[in-house]
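A.B. asks: Pasting a structure here, questions to come.
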Amino acid sequence: MTTSTPEFRRRRQLRFSFNRQQIIGLIWQIVVVGIAVAIVAFLWSNALHNLSVRRISTGFAFLSREAGMPIADTWLAYSPKDPYVRAFIVGIVNTLRVAVIGIVLATVLGTLIGIARLSSNWLLSRLAAVYVELLRDIPLLLQLLFWYVLMQGLPAARAAWRPIEGVFLSNRGLVLPSVPIAEANLWVIAAFAAGLIVLYVLRRQLMARQIADGKVRHIWPYALTLLLGLPALVSFSLGASWTVTMPELRGFNFVGGLTLAPEYFALLIALVTYTSAFIAEIVRSGIQAVPKGQWDAANALGLRRSFVLQRIVLPQALRVIIPPMTSQYLNLTKNSSLAVAVGYQDVVSIANTTLNQTGQAIEAIALIMMVFLTISLGISLFMNWYNARIALVER
Amino acid sequence: MTSITDAPENPSLNGARSRKTPGGPVIRWLRANLFASVTSSIISLLLIALLGKALVSLLQWGFLNAIWSLPGDQTGACRSIRGIGACWAVIPEKYRFILFGTYPFDEQWRPAVVCLIFIALFYVSSRRSWWRKELVLVWAAALVLIGVLMWGGIFGLSYVSQDRWGGLPVTLILATFGLAFGFPLGIVVALGRRSKLPAIRSLCVLYVELIRGVPLISLLFMASVMFPLFMPDGVNIDKLLRAQIAFVLYAGAYLAEVVRGGLQAVPRGQHDAADALGLSYWKKNGLIILPQAIRHVIPPLVNTFIAFFKDTSLVLIIGIFDLLTTAKTSIIDPAWQPFSVEVYIFVGVIYFLFCFAMSRYSRRLEAQARPG
């Protein structure tokens with residue numbers, strides 16, 4: 001940049017030992033940082049003054065005080081006598097409960113709809129387009145309230161809908177049959193998870209050997225042994241019981257089974273359907289980004305269509321899909337904070353109650369920020385790792 | 001990610017095949033688009049059956065069994081058909097409140113005119129032939145006019161305080177002012193993020209990542225609860241204005257990222273050429289770089305606008321009377337309480353019309369921008 005400075009200016013510049021651009025840059029930085037620091041200092045001193053007037057002590061000491069707030073829907077043991085920190089943990093688990101399940105379901109639904117949009121079946125692709133357009137152009141909060149109102153409009157527990165035996169849909173939410181989880185069951189689940197990991201390693205080795213010598217090796221016998229045989233063996237040896245408890249109607253409510261409260265269920269439906277519309281568009285444009293020549297080449301080799309989609313097109317489409325998908329996952333997680341509108345107690349809702357009860361505004365908001373920045377960072381790291389793994393290896 | 005490979009195998013994903021088949025144009029169209037293969041035929045038949053059933057019940061609920069008007073608050077007739085037919089009578093009863101909130105009833109022509117001004121403003125701004133400097137003046141004039149109409153107090157208009165505003169104008173004000181101020185902020189931050197000066201760059205990164213990392217609700221909570229804490233004694237800023245500030249900061253961070261994408265797309269040679277001409281930093285960016293960068297990102301900008309327009313509905317949670325809040329409040333009335341679905345559909349249609357128009361517009365721009 002300095003090379004273009006005209007000659008007559010250069011004479012003045014000689015007075016300084018370093019060049020003019022750098023000095024201007026330095027002044028700019030000092031001014032901007034100075035303004036930022038001044039604003040923050042001004043706000044901070046006001047906050048300290050206001051807090052002392054209102055007799056609110058700053059700091060996180062309040063976390064160990066008794067919360068006294070009831071939390072209806074929780075997976076962890078909790079009573080209003082527990083301290084605030086416990087309430088926050090319950091809130092974080094509730095947020096994750098919606099976000100993780102929501103992300104999985106939205107990905108499945110969104111992918112199906114994205115593929116449906118590309119179908120040559122006119123009706124199917126039109127319907128998918130209408131679905132996407134309708135859900136994308138209405139605010140999520142409105143959709144959430146809509147689902148919640150529908151949920152409340154369902155018949156009472158006595159007259160609950162029963163689409164399948166053991167499944168009840170009523171204004172108490174969705175009640176499903178469940179399996180009581182004992183220690184033995186956890187070991188079986190652990191065995192299944194271990195089987196998955198071993199299978200993953202095995203698959204890489206088999207692929208490597210297949211690439212080396214060209215012989216096709218099937219993985220399904222190993223998969224069967226590891227994913228079914230091993231857990232079955234553990235289950236037998238530990239005597240785990242897998243009896244399904246069916247929910248029953250006793251009086252005005254259900255006993256047994258797994259209940260998804262209407263608040264949770266409405267939030268989950270709203271988040272999943274809304275996000276799936278965006279994911280569908282991402283999947284569609286990802287598939288369309290794969291050059292047509294790839295289809296033609298695979299067809300010319302005589303590969304089956306499902307094989308072409310699974311092994312040729314989707315892996316290439318994934319490279320286009322993953323980055324925008326990451327931001328959708330982050331959006332879903334952040335949008336789960338709309339829970340407060342229907343009274344599902346996620347971390348934002350609990351922070352808000354805490355704020356109203358204790359007046360610890362700065363701390364409560366700082367906690368929300370910490371939780372979400374951590375979750376965002378976690379999702380970003382995972383997706384970046386996955387993105388790097390599927391990225392095109394160029395030689 | 002296994003879900004992707006579990007997706008149904010669609011034999012005809014590859015686009016319609018044109019085959020010479022007998023029959024008239026209708027039959028040929030049906031064969032090509034609905035019954036091209038066995039799988040496709042099964043899907044078509046299933047969808048037709050499902051869709052037919054859904055449409056029939058929707059038609060029955062929404063039209064055939066619906067009640068369109070009722071005398072006063074006598075909602076007995078509506079209650080008796082609940083679940084069988086819609087009670088659209090709630091809309092003529094409540095639409096003034098839903099659209100304009102608690103704005104004085106006789107003065108509601110003013111917010112109505114304001115809404116029309118907003119729509120005209122959006123229309124004018126969307127025309128390519130209008131993209132020149134005068135547009136800024138038009139915007140300034142329109143925003144002043146909107147302020148005069150909403151507040152009143154001069155030209156013989158009675159004064160209406162901000163806490164009586166409500167409904168559609170508030171939604172439009174939050175969205176439009178948020179964008180009008182957030183956009184310049186976003187441009188400055190995007191430039192700052194690409195600046196060579198480390199202190200400025202890190203400030204901009206910090207701002208963008210902090211805002212984008214947390215949910216909008218927490219920003220709104222901050223605006224409604226924390227903001228008064230940060231103000232010196234005696235300074236009391238109106239709730240709507242506080243939410244508006246939160247929206248400007250929020251929009252600024254998201255728009256900055258979009259603009260940054262555009263800045264990255266401007267070829268390096270453009271910078272070099274501008275430098276070679278001896279242009280200053282501001283002239284270089286204002287005259288050479290930004291016009292090109294923003295042209296690159298108009299479609300994603302419009303998409304951000306749509307997202308932003310929808311996000312204004314979140315002020316419901318801090319109790320500001322935007323369109324969604326007035327809708328939710330209008331059915332607190334016990335007589336009309338059971339008919340919230342109808343009200344939400346009504347409001348949903350309004351939001352949909354605005355967003356759909358914008359998304360159509362963005363798609364047209366994208367098509368124009370595509371080479372060939």
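Residue numbering restarts at 1 for every chain of the structure tokens, chains are lettered A, B, ... in their displayed order, and ligands are numbered from 1 as they appear.
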Taking only C-alpha atoms into account, what are the residues of chain A at most 8 Å from chain B, put as a PyMOL selection string?
C.D. replies: chain A and resi 1+4-5+25-26+29+32-33+43-47+50-51+107-108+111-112+115+118-124+133-134+137-142+146+149-150+305-306+309-310+314+334-335+337-338+340-341+348+352+361-362+365+368-369+372-373+376
A.B. asks: Can you check which residues of segment 123-255 of chain A DSSP gives as strand (DSSP E) on the backbone and send them as a PyMOL selection string?
C.D. replies: chain A and resi 168-170+173-176+248-250+253-255
A.B. asks: Please, could you write that set of residues out with N, CA and C atoms as an mmCIF file, in the first residue's frame?
C.D. replies:
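Contents of out37.cif, as written:
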```cif
data_model
loop_
_atom_site.group_PDB
_atom_site.id
_atom_site.type_symbol
_atom_site.label_atom_id
_atom_site.label_comp_id
_atom_site.auth_asym_id
_atom_site.auth_seq_id
_atom_site.Cartn_x
_atom_site.Cartn_y
_atom_site.Cartn_z
ATOM 1 N N PHE A 168 -50.563 -43.874 24.014
ATOM 2 C CA PHE A 168 -51.691 -42.986 24.312
ATOM 3 C C PHE A 168 -51.309 -41.567 23.959
ATOM 4 N N LEU A 169 -52.204 -40.879 23.264
ATOM 5 C CA LEU A 169 -51.980 -39.472 22.970
ATOM 6 C C LEU A 169 -53.145 -38.701 23.576
ATOM 7 N N SER A 170 -52.825 -37.878 24.556
ATOM 8 C CA SER A 170 -53.889 -37.117 25.209
ATOM 9 C C SER A 170 -53.329 -35.773 25.600
ATOM 10 N N GLY A 173 -49.963 -35.502 27.141
ATOM 11 C CA GLY A 173 -48.764 -35.767 26.349
ATOM 12 C C GLY A 173 -48.815 -37.140 25.706
ATOM 13 N N LEU A 174 -47.672 -37.589 25.261
ATOM 14 C CA LEU A 174 -47.568 -38.880 24.586
ATOM 15 C C LEU A 174 -47.035 -39.896 25.591
ATOM 16 N N VAL A 175 -47.762 -41.000 25.749
ATOM 17 C CA VAL A 175 -47.316 -42.039 26.672
ATOM 18 C C VAL A 175 -46.972 -43.275 25.859
ATOM 19 N N LEU A 176 -45.771 -43.785 26.073
ATOM 20 C CA LEU A 176 -45.280 -44.923 25.302
ATOM 21 C C LEU A 176 -44.955 -46.069 26.246
ATOM 22 N N GLU A 248 -50.855 -47.715 31.850
ATOM 23 C CA GLU A 248 -52.264 -48.001 32.156
ATOM 24 C C GLU A 248 -52.924 -46.741 32.651
ATOM 25 N N LEU A 249 -54.185 -46.623 32.384
ATOM 26 C CA LEU A 249 -54.930 -45.478 32.867
ATOM 27 C C LEU A 249 -55.468 -45.788 34.257
ATOM 28 N N ARG A 250 -55.017 -45.045 35.249
ATOM 29 C CA ARG A 250 -55.555 -45.198 36.609
ATOM 30 C C ARG A 250 -56.086 -43.850 37.028
ATOM 31 N N ASN A 253 -54.853 -40.236 35.424
ATOM 32 C CA ASN A 253 -53.543 -40.159 34.786
ATOM 33 C C ASN A 253 -53.009 -41.546 34.466
ATOM 34 N N PHE A 254 -51.839 -41.587 33.810
ATOM 35 C CA PHE A 254 -51.270 -42.852 33.388
ATOM 36 C C PHE A 254 -50.237 -43.336 34.394
ATOM 37 N N VAL A 255 -50.172 -44.643 34.532
ATOM 38 C CA VAL A 255 -49.171 -45.251 35.401
ATOM 39 C C VAL A 255 -48.302 -46.147 34.532
#
```
A.B. asks: Out of B:Ala140, B:Val170, B:Ile320, B:Leu59, which residue has the shortest atom-to-atom distance to Phe100 of chain B when counting only C-alpha atoms?
C.D. replies: B:Val170
A.B. asks: Looking only at alpha helix (DSSP H) from DSSP on the backbone, list the matching residues of segment 219-335 of chain A as a VMD selection string.
C.D. replies: chain A and resid 220 to 224 230 to 238 262 to 288 292 to 300 305 to 307 314 to 335
A.B. asks: Could you tell me how far atom CA of Thr176 of chain B sits from atom CA of Leu255 of chain B, in Å to one decimal place?
C.D. replies: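 Computing it gives 13.8 Å between the two atoms.
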A.B. asks: For segment 186-202 of chain A, find every residue with an atom within 12 Å (counting only C-alpha atoms), except residues of its own chain fewer than 2 positions away, and show them as a PDB file with N, CA and C atoms, in the first residue's frame.
C.D. replies:
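Final output, out.pdb:
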```pdb
ATOM      1  N   VAL A 179     -39.230 -49.872  28.827  1.00  0.00           N
ATOM      2  CA  VAL A 179     -38.546 -50.965  29.503  1.00  0.00           C
ATOM      3  C   VAL A 179     -37.856 -50.371  30.713  1.00  0.00           C
ATOM      4  N   PRO A 180     -38.160 -50.873  31.909  1.00  0.00           N
ATOM      5  CA  PRO A 180     -37.470 -50.336  33.074  1.00  0.00           C
ATOM      6  C   PRO A 180     -35.980 -50.660  32.985  1.00  0.00           C
ATOM      7  N   ILE A 181     -35.144 -49.665  33.193  1.00  0.00           N
ATOM      8  CA  ILE A 181     -33.706 -49.844  33.019  1.00  0.00           C
ATOM      9  C   ILE A 181     -33.082 -50.223  34.363  1.00  0.00           C
ATOM     10  N   ALA A 182     -32.595 -51.480  34.460  1.00  0.00           N
ATOM     11  CA  ALA A 182     -31.860 -51.906  35.650  1.00  0.00           C
ATOM     12  C   ALA A 182     -30.381 -51.973  35.300  1.00  0.00           C
ATOM     13  N   GLU A 183     -29.567 -52.373  36.260  1.00  0.00           N
ATOM     14  CA  GLU A 183     -28.118 -52.392  36.014  1.00  0.00           C
ATOM     15  C   GLU A 183     -27.763 -53.349  34.883  1.00  0.00           C
ATOM     16  N   ALA A 184     -28.415 -54.531  34.894  1.00  0.00           N
ATOM     17  CA  ALA A 184     -28.115 -55.529  33.873  1.00  0.00           C
ATOM     18  C   ALA A 184     -28.390 -54.972  32.475  1.00  0.00           C
ATOM     19  N   ARG A 204     -12.964 -50.701   8.937  1.00  0.00           N
ATOM     20  CA  ARG A 204     -11.834 -49.994   8.328  1.00  0.00           C
ATOM     21  C   ARG A 204     -10.785 -50.971   7.849  1.00  0.00           C
ATOM     22  N   GLN A 205     -10.531 -52.009   8.706  1.00  0.00           N
ATOM     23  CA  GLN A 205      -9.498 -52.982   8.322  1.00  0.00           C
ATOM     24  C   GLN A 205      -9.928 -53.783   7.107  1.00  0.00           C
ATOM     25  N   LEU A 206     -11.216 -54.206   7.119  1.00  0.00           N
ATOM     26  CA  LEU A 206     -11.719 -54.979   5.991  1.00  0.00           C
ATOM     27  C   LEU A 206     -11.627 -54.165   4.705  1.00  0.00           C
ATOM     28  N   MET A 207     -11.994 -52.874   4.814  1.00  0.00           N
ATOM     29  CA  MET A 207     -11.941 -52.013   3.640  1.00  0.00           C
ATOM     30  C   MET A 207     -10.506 -51.896   3.143  1.00  0.00           C
ATOM     31  N   ALA A 208      -9.585 -51.726   4.086  1.00  0.00           N
ATOM     32  CA  ALA A 208      -8.186 -51.575   3.702  1.00  0.00           C
ATOM     33  C   ALA A 208      -7.708 -52.827   2.970  1.00  0.00           C
ATOM     34  N   ARG A 209      -8.114 -54.014   3.503  1.00  0.00           N
ATOM     35  CA  ARG A 209      -7.677 -55.252   2.848  1.00  0.00           C
ATOM     36  C   ARG A 209      -8.349 -55.413   1.498  1.00  0.00           C
ATOM     37  N   ARG A 217     -15.208 -58.368   0.724  1.00  0.00           N
ATOM     38  CA  ARG A 217     -15.431 -59.004   2.016  1.00  0.00           C
ATOM     39  C   ARG A 217     -16.727 -58.478   2.608  1.00  0.00           C
ATOM     40  N   HIS A 218     -17.552 -59.366   3.090  1.00  0.00           N
ATOM     41  CA  HIS A 218     -18.830 -58.935   3.653  1.00  0.00           C
ATOM     42  C   HIS A 218     -18.680 -58.628   5.127  1.00  0.00           C
ATOM     43  N   ILE A 219     -19.364 -57.593   5.548  1.00  0.00           N
ATOM     44  CA  ILE A 219     -19.231 -57.215   6.950  1.00  0.00           C
ATOM     45  C   ILE A 219     -20.409 -57.705   7.765  1.00  0.00           C
ATOM     46  N   TRP A 220     -21.500 -58.077   7.075  1.00  0.00           N
ATOM     47  CA  TRP A 220     -22.713 -58.350   7.862  1.00  0.00           C
ATOM     48  C   TRP A 220     -22.587 -59.517   8.837  1.00  0.00           C
ATOM     49  N   PRO A 221     -21.791 -60.593   8.562  1.00  0.00           N
ATOM     50  CA  PRO A 221     -21.710 -61.645   9.598  1.00  0.00           C
ATOM     51  C   PRO A 221     -21.111 -61.102  10.896  1.00  0.00           C
ATOM     52  N   TYR A 222     -20.093 -60.247  10.754  1.00  0.00           N
ATOM     53  CA  TYR A 222     -19.490 -59.652  11.951  1.00  0.00           C
ATOM     54  C   TYR A 222     -20.491 -58.741  12.640  1.00  0.00           C
ATOM     55  N   ALA A 223     -21.200 -57.969  11.835  1.00  0.00           N
ATOM     56  CA  ALA A 223     -22.166 -57.029  12.401  1.00  0.00           C
ATOM     57  C   ALA A 223     -23.209 -57.776  13.217  1.00  0.00           C
ATOM     58  N   LEU A 224     -23.684 -58.907  12.645  1.00  0.00           N
ATOM     59  CA  LEU A 224     -24.693 -59.708  13.329  1.00  0.00           C
ATOM     60  C   LEU A 224     -24.178 -60.192  14.678  1.00  0.00           C
ATOM     61  N   THR A 225     -22.935 -60.748  14.650  1.00  0.00           N
ATOM     62  CA  THR A 225     -22.364 -61.289  15.890  1.00  0.00           C
ATOM     63  C   THR A 225     -22.195 -60.189  16.924  1.00  0.00           C
ATOM     64  N   LEU A 226     -21.612 -59.056  16.472  1.00  0.00           N
ATOM     65  CA  LEU A 226     -21.246 -58.027  17.440  1.00  0.00           C
ATOM     66  C   LEU A 226     -22.445 -57.259  17.967  1.00  0.00           C
ATOM     67  N   LEU A 227     -23.408 -56.990  17.088  1.00  0.00           N
ATOM     68  CA  LEU A 227     -24.503 -56.117  17.493  1.00  0.00           C
ATOM     69  C   LEU A 227     -25.680 -56.891  18.073  1.00  0.00           C
ATOM     70  N   LEU A 228     -25.838 -58.152  17.673  1.00  0.00           N
ATOM     71  CA  LEU A 228     -26.941 -58.943  18.240  1.00  0.00           C
ATOM     72  C   LEU A 228     -26.422 -60.007  19.193  1.00  0.00           C
ATOM     73  N   GLY A 229     -25.399 -60.778  18.716  1.00  0.00           N
ATOM     74  CA  GLY A 229     -24.903 -61.903  19.506  1.00  0.00           C
ATOM     75  C   GLY A 229     -24.347 -61.475  20.845  1.00  0.00           C
ATOM     76  N   LEU A 230     -23.445 -60.505  20.798  1.00  0.00           N
ATOM     77  CA  LEU A 230     -22.775 -60.086  22.033  1.00  0.00           C
ATOM     78  C   LEU A 230     -23.758 -59.550  23.079  1.00  0.00           C
ATOM     79  N   PRO A 231     -24.632 -58.582  22.711  1.00  0.00           N
ATOM     80  CA  PRO A 231     -25.601 -58.113  23.707  1.00  0.00           C
ATOM     81  C   PRO A 231     -26.501 -59.245  24.202  1.00  0.00           C
ATOM     82  N   ALA A 232     -26.893 -60.164  23.305  1.00  0.00           N
ATOM     83  CA  ALA A 232     -27.758 -61.268  23.725  1.00  0.00           C
ATOM     84  C   ALA A 232     -27.054 -62.123  24.764  1.00  0.00           C
ATOM     85  N   LEU A 233     -25.764 -62.381  24.517  1.00  0.00           N
ATOM     86  CA  LEU A 233     -24.975 -63.199  25.443  1.00  0.00           C
ATOM     87  C   LEU A 233     -24.916 -62.531  26.823  1.00  0.00           C
ATOM     88  N   VAL A 234     -24.605 -61.232  26.816  1.00  0.00           N
ATOM     89  CA  VAL A 234     -24.524 -60.488  28.079  1.00  0.00           C
ATOM     90  C   VAL A 234     -25.872 -60.521  28.782  1.00  0.00           C
ATOM     91  N   SER A 235     -26.929 -60.341  27.996  1.00  0.00           N
ATOM     92  CA  SER A 235     -28.273 -60.310  28.566  1.00  0.00           C
ATOM     93  C   SER A 235     -28.600 -61.627  29.255  1.00  0.00           C
ATOM     94  N   PHE A 236     -28.256 -62.744  28.578  1.00  0.00           N
ATOM     95  CA  PHE A 236     -28.523 -64.062  29.159  1.00  0.00           C
ATOM     96  C   PHE A 236     -27.722 -64.279  30.436  1.00  0.00           C
ATOM     97  N   SER A 237     -26.405 -63.961  30.339  1.00  0.00           N
ATOM     98  CA  SER A 237     -25.547 -64.286  31.479  1.00  0.00           C
ATOM     99  C   SER A 237     -25.895 -63.441  32.702  1.00  0.00           C
ATOM    100  N   LEU A 238     -26.365 -62.212  32.479  1.00  0.00           N
ATOM    101  CA  LEU A 238     -26.709 -61.375  33.626  1.00  0.00           C
ATOM    102  C   LEU A 238     -28.181 -61.506  34.010  1.00  0.00           C
ATOM    103  N   GLY A 239     -28.933 -62.161  33.154  1.00  0.00           N
ATOM    104  CA  GLY A 239     -30.351 -62.323  33.434  1.00  0.00           C
ATOM    105  C   GLY A 239     -31.125 -61.016  33.402  1.00  0.00           C
ATOM    106  N   ALA A 240     -30.806 -60.180  32.428  1.00  0.00           N
ATOM    107  CA  ALA A 240     -31.517 -58.909  32.320  1.00  0.00           C
ATOM    108  C   ALA A 240     -32.963 -59.157  31.901  1.00  0.00           C
ATOM    109  N   SER A 241     -33.868 -58.374  32.470  1.00  0.00           N
ATOM    110  CA  SER A 241     -35.266 -58.569  32.087  1.00  0.00           C
ATOM    111  C   SER A 241     -35.666 -57.479  31.093  1.00  0.00           C
ATOM    112  N   TRP A 242     -36.350 -57.868  30.064  1.00  0.00           N
ATOM    113  CA  TRP A 242     -36.738 -56.919  29.022  1.00  0.00           C
ATOM    114  C   TRP A 242     -38.249 -56.822  28.926  1.00  0.00           C
TER     115      TRP A 242
END
```
A.B. asks: Tell me which protein, DNA and RNA residues are within 12 Å of Ile298 of chain B, counting only C-alpha atoms, leaving out same-chain ones fewer than 2 positions away, and put them as number ranges by chain.
C.D. replies: B: 126, 128, 255, 258-259, 261-262, 291-296, 300-305, 358-359, 361-369
A.B. asks: Write out as number ranges by chain each polymer residue whose atoms come within 12 Å of Ala289 of chain A, counting only C-alpha atoms; drop sequence neighbours fewer than 4 positions from it.
C.D. replies: A: 282-285, 293-295, 313-321
A.B. asks: Those residues you just picked out, can you put them in a file as a CSV table (one decimal), in the first residue's frame with C-alpha atoms?
C.D. replies:
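The resulting selection_22.csv:
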```csv
chain,number,residue,atom,x,y,z
A,282,ILE,CA,-29.5,-28.2,2.2
A,283,VAL,CA,-29.7,-31.9,1.3
A,284,ARG,CA,-31.4,-31.0,-2.0
A,285,SER,CA,-28.8,-28.4,-3.0
A,293,GLY,CA,-21.6,-36.9,-15.0
A,294,GLN,CA,-21.2,-38.8,-11.8
A,295,TRP,CA,-24.7,-40.4,-12.2
A,313,VAL,CA,-23.7,-39.4,-4.9
A,314,LEU,CA,-24.3,-39.0,-1.2
A,315,PRO,CA,-20.6,-39.1,-0.1
A,316,GLN,CA,-19.9,-36.3,-2.6
A,317,ALA,CA,-23.0,-34.4,-1.6
A,318,LEU,CA,-22.0,-34.6,2.0
A,319,ARG,CA,-19.1,-32.4,1.4
A,320,VAL,CA,-21.4,-29.6,0.4
A,321,ILE,CA,-24.0,-30.5,3.0
```
A.B. asks: Distance table requested - segment 154-196 of chain B against segment 240-246 of chain B, cut-off 9 Å, only C-alpha atoms: one row per qualifying residue with the closest atom pair and its distance in Å to one decimal, ordered by chain and rising residue number, as CSV.
C.D. replies:
```
residue,atom,partner,partner_atom,distance
B:Gln162,CA,B:Leu240,CA,7.7
B:Asp163,CA,B:Leu240,CA,8.0
B:Val170,CA,B:Leu240,CA,8.8
B:Ile173,CA,B:Gln244,CA,8.7
B:Leu174,CA,B:Gln244,CA,5.9
B:Ala175,CA,B:Gln244,CA,8.6
B:Phe177,CA,B:Gln244,CA,7.6
B:Gly178,CA,B:Gln244,CA,6.4
```
